[in-house]
Structure formats: structure tokens, C-alpha cells
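Below is the file coords_38.pdb, which contains PDB, C-alpha atoms.
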```pdb
ATOM      1  CA  PRO A   1     -15.322  46.319  15.078
ATOM      2  CA  GLU A   2     -12.971  44.826  17.606
ATOM      3  CA  LYS A   3     -15.332  45.488  20.529
ATOM      4  CA  GLY A   4     -18.333  43.750  18.949
ATOM      5  CA  PRO A   5     -21.306  44.809  16.803
ATOM      6  CA  LEU A   6     -22.324  48.440  16.477
ATOM      7  CA  ASP A   7     -25.725  49.650  17.630
ATOM      8  CA  VAL A   8     -26.886  52.932  16.070
ATOM      9  CA  LYS A   9     -29.138  53.637  19.058
ATOM     10  CA  HIS A  10     -26.062  53.791  21.300
ATOM     11  CA  SER A  11     -24.285  56.212  18.959
ATOM     12  CA  SER A  12     -24.589  59.950  18.478
ATOM     13  CA  TYR A  13     -27.154  59.352  15.687
ATOM     14  CA  LYS A  14     -29.810  57.657  17.887
ATOM     15  CA  LYS A  15     -31.984  56.854  14.837
ATOM     16  CA  LEU A  16     -31.142  54.802  11.782
ATOM     17  CA  SER A  17     -32.585  57.451   9.426
ATOM     18  CA  LYS A  18     -30.124  60.074  10.718
ATOM     19  CA  PHE A  19     -27.238  57.637  10.331
ATOM     20  CA  LEU A  20     -28.284  56.786   6.765
ATOM     21  CA  ALA A  21     -28.664  60.486   5.889
ATOM     22  CA  LYS A  22     -25.102  61.096   7.082
ATOM     23  CA  MET A  23     -23.812  58.120   5.068
ATOM     24  CA  LYS A  24     -25.610  59.504   1.995
ATOM     25  CA  LYS A  25     -24.158  62.996   2.566
ATOM     26  CA  ASP A  26     -20.633  61.536   2.886
ATOM     27  CA  ASN A  27     -21.105  59.604  -0.401
ATOM     28  CA  TYR A  28     -21.052  56.116   1.140
ATOM     29  CA  LEU A  29     -24.597  55.153   0.105
ATOM     30  CA  VAL A  30     -27.318  55.916  -2.408
ATOM     31  CA  ILE A  31     -30.698  55.984  -0.694
ATOM     32  CA  LYS A  32     -34.108  56.096  -2.356
ATOM     33  CA  GLU A  33     -37.433  56.740  -0.644
ATOM     34  CA  THR A  34     -39.525  53.820  -1.929
ATOM     35  CA  SER A  35     -42.710  55.068  -0.271
ATOM     36  CA  LYS A  36     -43.578  57.717   2.284
ATOM     37  CA  GLY A  37     -41.362  57.173   5.311
ATOM     38  CA  VAL A  38     -39.655  54.085   3.846
ATOM     39  CA  GLU A  39     -36.074  54.472   2.622
ATOM     40  CA  SER A  40     -34.054  51.796   0.876
ATOM     41  CA  VAL A  41     -30.321  51.602   0.354
ATOM     42  CA  THR A  42     -30.050  51.194  -3.424
ATOM     43  CA  ASP A  43     -26.285  51.290  -3.850
ATOM     44  CA  ILE A  44     -23.046  51.259  -1.888
ATOM     45  CA  ASN A  45     -20.022  53.266  -3.028
ATOM     46  CA  TRP A  46     -17.571  50.356  -2.930
ATOM     47  CA  LEU A  47     -14.828  52.642  -4.270
ATOM     48  CA  HIS A  48     -14.946  55.026  -1.289
ATOM     49  CA  PRO A  49     -11.591  54.631   0.549
ATOM     50  CA  ASN A  50     -13.250  54.036   3.917
ATOM     51  CA  VAL A  51     -15.583  51.375   2.484
ATOM     52  CA  ARG A  52     -12.654  49.610   0.832
ATOM     53  CA  ALA A  53     -10.745  49.618   4.127
ATOM     54  CA  ALA A  54     -13.779  48.354   6.061
ATOM     55  CA  LYS A  55     -14.361  45.607   3.538
ATOM     56  CA  ALA A  56     -10.851  44.249   4.116
ATOM     57  CA  ARG A  57     -11.384  44.212   7.873
ATOM     58  CA  ARG A  58     -14.831  42.632   7.484
ATOM     59  CA  SER A  59     -13.376  39.494   5.899
ATOM     60  CA  ALA A  60     -11.234  38.955   8.994
ATOM     61  CA  ILE A  61     -14.261  39.442  11.264
ATOM     62  CA  VAL A  62     -16.341  36.946   9.281
ATOM     63  CA  ARG A  63     -13.656  34.290   9.635
ATOM     64  CA  HIS A  64     -13.511  35.002  13.362
ATOM     65  CA  ASP A  65     -17.322  34.691  13.682
ATOM     66  CA  GLU A  66     -17.337  31.442  11.730
ATOM     67  CA  GLU A  67     -14.751  29.932  14.057
ATOM     68  CA  GLU A  68     -16.714  30.802  17.184
ATOM     69  CA  ASP A  69     -20.151  30.237  15.562
ATOM     70  CA  GLU A  70     -21.727  33.245  17.255
ATOM     71  CA  GLY A  71     -24.671  33.340  14.835
ATOM     72  CA  PRO A  72     -25.481  35.994  12.247
ATOM     73  CA  SER A  73     -22.931  38.770  11.872
ATOM     74  CA  GLY A  74     -25.286  41.464  10.564
ATOM     75  CA  PRO A  75     -27.055  42.412   7.369
ATOM     76  CA  GLU A  76     -25.924  40.946   4.092
ATOM     77  CA  VAL A  77     -26.056  43.214   1.033
ATOM     78  CA  THR A  78     -26.962  41.528  -2.246
ATOM     79  CA  HIS A  79     -26.551  43.350  -5.554
ATOM     80  CA  PHE A  80     -29.499  42.869  -7.957
ATOM     81  CA  MET A  81     -29.851  43.811 -11.601
ATOM     82  CA  SER A  82     -32.860  44.105 -13.869
ATOM     83  CA  PRO A  83     -32.569  43.440 -17.611
ATOM     84  CA  SER A  84     -32.631  46.534 -19.812
ATOM     85  CA  VAL A  85     -35.030  46.775 -22.742
ATOM     86  CA  GLU A  86     -32.291  45.589 -25.097
ATOM     87  CA  LEU A  87     -31.476  42.554 -22.931
ATOM     88  CA  ARG A  88     -35.044  41.397 -22.212
ATOM     89  CA  PRO A  89     -35.238  38.966 -25.183
ATOM     90  CA  ILE A  90     -32.009  37.296 -24.038
ATOM     91  CA  PHE A  91     -33.195  36.895 -20.434
ATOM     92  CA  ALA A  92     -36.711  35.883 -21.511
ATOM     93  CA  GLU A  93     -35.248  32.708 -23.016
ATOM     94  CA  SER A  94     -34.079  31.748 -19.514
ATOM     95  CA  GLY A  95     -37.550  32.368 -18.065
ATOM     96  CA  HIS A  96     -36.913  35.832 -16.633
ATOM     97  CA  SER A  97     -39.527  38.570 -17.039
ATOM     98  CA  LYS A  98     -38.915  42.284 -17.527
ATOM     99  CA  ASP A  99     -39.477  42.790 -13.779
ATOM    100  CA  SER A 100     -37.013  40.098 -12.676
ATOM    101  CA  LEU A 101     -34.313  41.085 -10.204
ATOM    102  CA  LEU A 102     -31.226  38.988 -10.852
ATOM    103  CA  THR A 103     -28.072  38.344  -8.871
ATOM    104  CA  ASP A 104     -24.653  38.353 -10.565
ATOM    105  CA  PRO A 105     -24.556  34.513 -10.857
ATOM    106  CA  GLN A 106     -28.079  34.482 -12.368
ATOM    107  CA  VAL A 107     -27.043  37.058 -14.991
ATOM    108  CA  ARG A 108     -23.905  35.083 -15.832
ATOM    109  CA  ASP A 109     -25.885  31.800 -16.087
ATOM    110  CA  ALA A 110     -28.588  33.355 -18.304
ATOM    111  CA  ILE A 111     -26.047  34.853 -20.722
ATOM    112  CA  THR A 112     -23.928  31.686 -20.778
ATOM    113  CA  SER A 113     -27.036  29.586 -21.502
ATOM    114  CA  TYR A 114     -28.064  31.966 -24.274
ATOM    115  CA  ILE A 115     -24.610  31.773 -25.876
ATOM    116  CA  LYS A 116     -24.602  27.948 -25.706
ATOM    117  CA  ARG A 117     -28.216  27.625 -26.894
ATOM    118  CA  HIS A 118     -27.492  29.760 -29.977
ATOM    119  CA  ASP A 119     -24.047  28.209 -30.576
ATOM    120  CA  LEU A 120     -22.271  31.582 -30.546
ATOM    121  CA  VAL A 121     -18.830  30.431 -29.375
ATOM    122  CA  SER A 122     -16.278  30.758 -32.178
ATOM    123  CA  PRO A 123     -15.165  27.303 -33.333
ATOM    124  CA  GLY A 124     -11.629  28.546 -34.027
ATOM    125  CA  ASP A 125     -11.151  30.344 -30.695
ATOM    126  CA  ARG A 126     -13.295  29.200 -27.731
ATOM    127  CA  SER A 127     -12.560  32.487 -25.907
ATOM    128  CA  VAL A 128     -14.384  34.508 -28.609
ATOM    129  CA  VAL A 129     -18.154  34.909 -28.790
ATOM    130  CA  CYS A 130     -19.706  35.692 -32.180
ATOM    131  CA  LEU A 131     -22.576  38.077 -31.504
ATOM    132  CA  ASN A 132     -25.987  37.555 -33.067
ATOM    133  CA  ASP A 133     -28.358  40.489 -33.657
ATOM    134  CA  ALA A 134     -29.838  40.433 -30.122
ATOM    135  CA  LEU A 135     -26.463  40.437 -28.338
ATOM    136  CA  SER A 136     -24.977  42.933 -30.768
ATOM    137  CA  LEU A 137     -27.823  45.427 -30.186
ATOM    138  CA  ALA A 138     -27.602  44.956 -26.415
ATOM    139  CA  LEU A 139     -23.863  45.681 -26.351
ATOM    140  CA  ARG A 140     -23.625  48.545 -28.836
ATOM    141  CA  ASP A 141     -22.772  52.086 -27.816
ATOM    142  CA  LYS A 142     -25.042  54.764 -29.219
ATOM    143  CA  GLY A 143     -23.401  56.420 -32.195
ATOM    144  CA  CYS A 144     -21.012  53.503 -32.787
ATOM    145  CA  PRO A 145     -21.464  50.502 -35.077
ATOM    146  CA  ALA A 146     -22.760  47.359 -33.401
ATOM    147  CA  PRO A 147     -19.990  44.851 -32.500
ATOM    148  CA  THR A 148     -19.917  41.417 -34.131
ATOM    149  CA  ARG A 149     -17.411  39.602 -31.882
ATOM    150  CA  LEU A 150     -16.568  39.751 -28.204
TER     151      LEU A 150
END
```

Take the structure I supplied and represent it as C-alpha cells, if you would.
Amino acid sequence: PEKGPLDVKHSSYKKLSKFLAKMKKDNYLVIKETSKGVESVTDINWLHPNVRAAKARRSAIVRHDEEEDEGPSGPEVTHFMSPSVELRPIFAESGHSKDSLLTDPQVRDAITSYIKRHDLVSPGDRSVVCLNDALSLALRDKGCPAPTRL
């Protein structure tokens, strides 16, 4: 915001839980109660028009904060993924367990390493990956034949 950071306590919500409930109701957030009285934001609806508009403005604010070096600009949201049952053997080769939470770059690195380690890049076309059984099973749609190239 142009006038500085927002403080929920100085808004009409007064409590963070009421603010989060409103954001959930308006389809901005997905919230899960992880234990009694403890709620976690599990997803953000990045496609919501207001979120998309705010995201564009946020990049300008971050540049402004970096120039003036005013310290942290608020919470940072990091997207994590956990390997599905079909993908566990692929991620296990990179040292990740079934309970691992991985960032986007970690997922990309693990899959790239797996492809290189098993020499799955097509020699004729370096942009094509020849799928082995593990990758083919992980990428198949139920009811459709498993793919062999990607």
C-alpha cells in the first residue's frame, strides 16, 4: 500500500483469524486447521483478479523497499510440494523421502538429475525426453496408455 504496511489490528477485522476467514470466504485463500486453534494458509488463489492486481503492485513496492533498505517487507509465501506415490522412486534417488517438502527449484533439480542419471534425453532431439517405466507411470493419466516420450 502507498501509505505503508497494513496492520490487521487497526482494521475492521481486529483479529487475524477473522481476516483469514473473510479471505477464505472470498476465495482468496485455502486455509486448513492443522491442530486445534492453529490455522495454516495452504494455498493462495493466484488467479483471483484482485490477487493478480496486487501481485503487480507488490513488485513495485519491493523495488521501492530495496532502494530505501527499510528492512523486511512482510511475510514471504513459499510454495512446497510433496512427491506422490508414483514419483517417490524418482525423488528417492536424489535423497528425498516420502515426507519431503520440496520447493519448485528442488523439484526441477531432482527430475533433471534423474533424467541425466538415466540418460533419458533423446540423442536425436535434445528437447525430447524418452520416458522409462518410472517416469511413464508417474505421468500417465488413468484410463490412457502410458506415454513413452515427452

| task | Take atom CA of Ala53 of chain A and atom CA of Ser82 of chain A and report the distance between them in Å, one decimal. | result |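 That distance, rounded to one decimal, is 29.0 Å.
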
| Selection result for the PyMOL selection byres ((chain A and resi 106) around 12) on this file, as a PyMOL selection string | chain A and resi 79-83+91+94-96+100-105+107-113

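Atom CA of His118 of chain A sits 10.9 Å away from atom CA of Ala134 of chain A.
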
| field | One-decimal distance in Å that lies between atom CA of Trp46 of chain A and atom CA of His10 of chain A | value |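 Computing the Euclidean distance for atom CA of His10 of chain A and atom CA of Trp46 of chain A yields 25.9 Å.
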
| said: My list of candidates is A:Ile90, A:Asn132, A:Lys14, A:Ser97. Which is closest to Tyr114 of chain A when distances are computed with all atoms listed in the file? | reply: A:Ile90

| field | Selection: 12 Å around segment 24-26 of chain A, all atoms listed in the file, excl. self and same-chain fewer than 2 positions, as a PyMOL selection string | value | chain A and resi 17-22+28-32+39-45+48-51
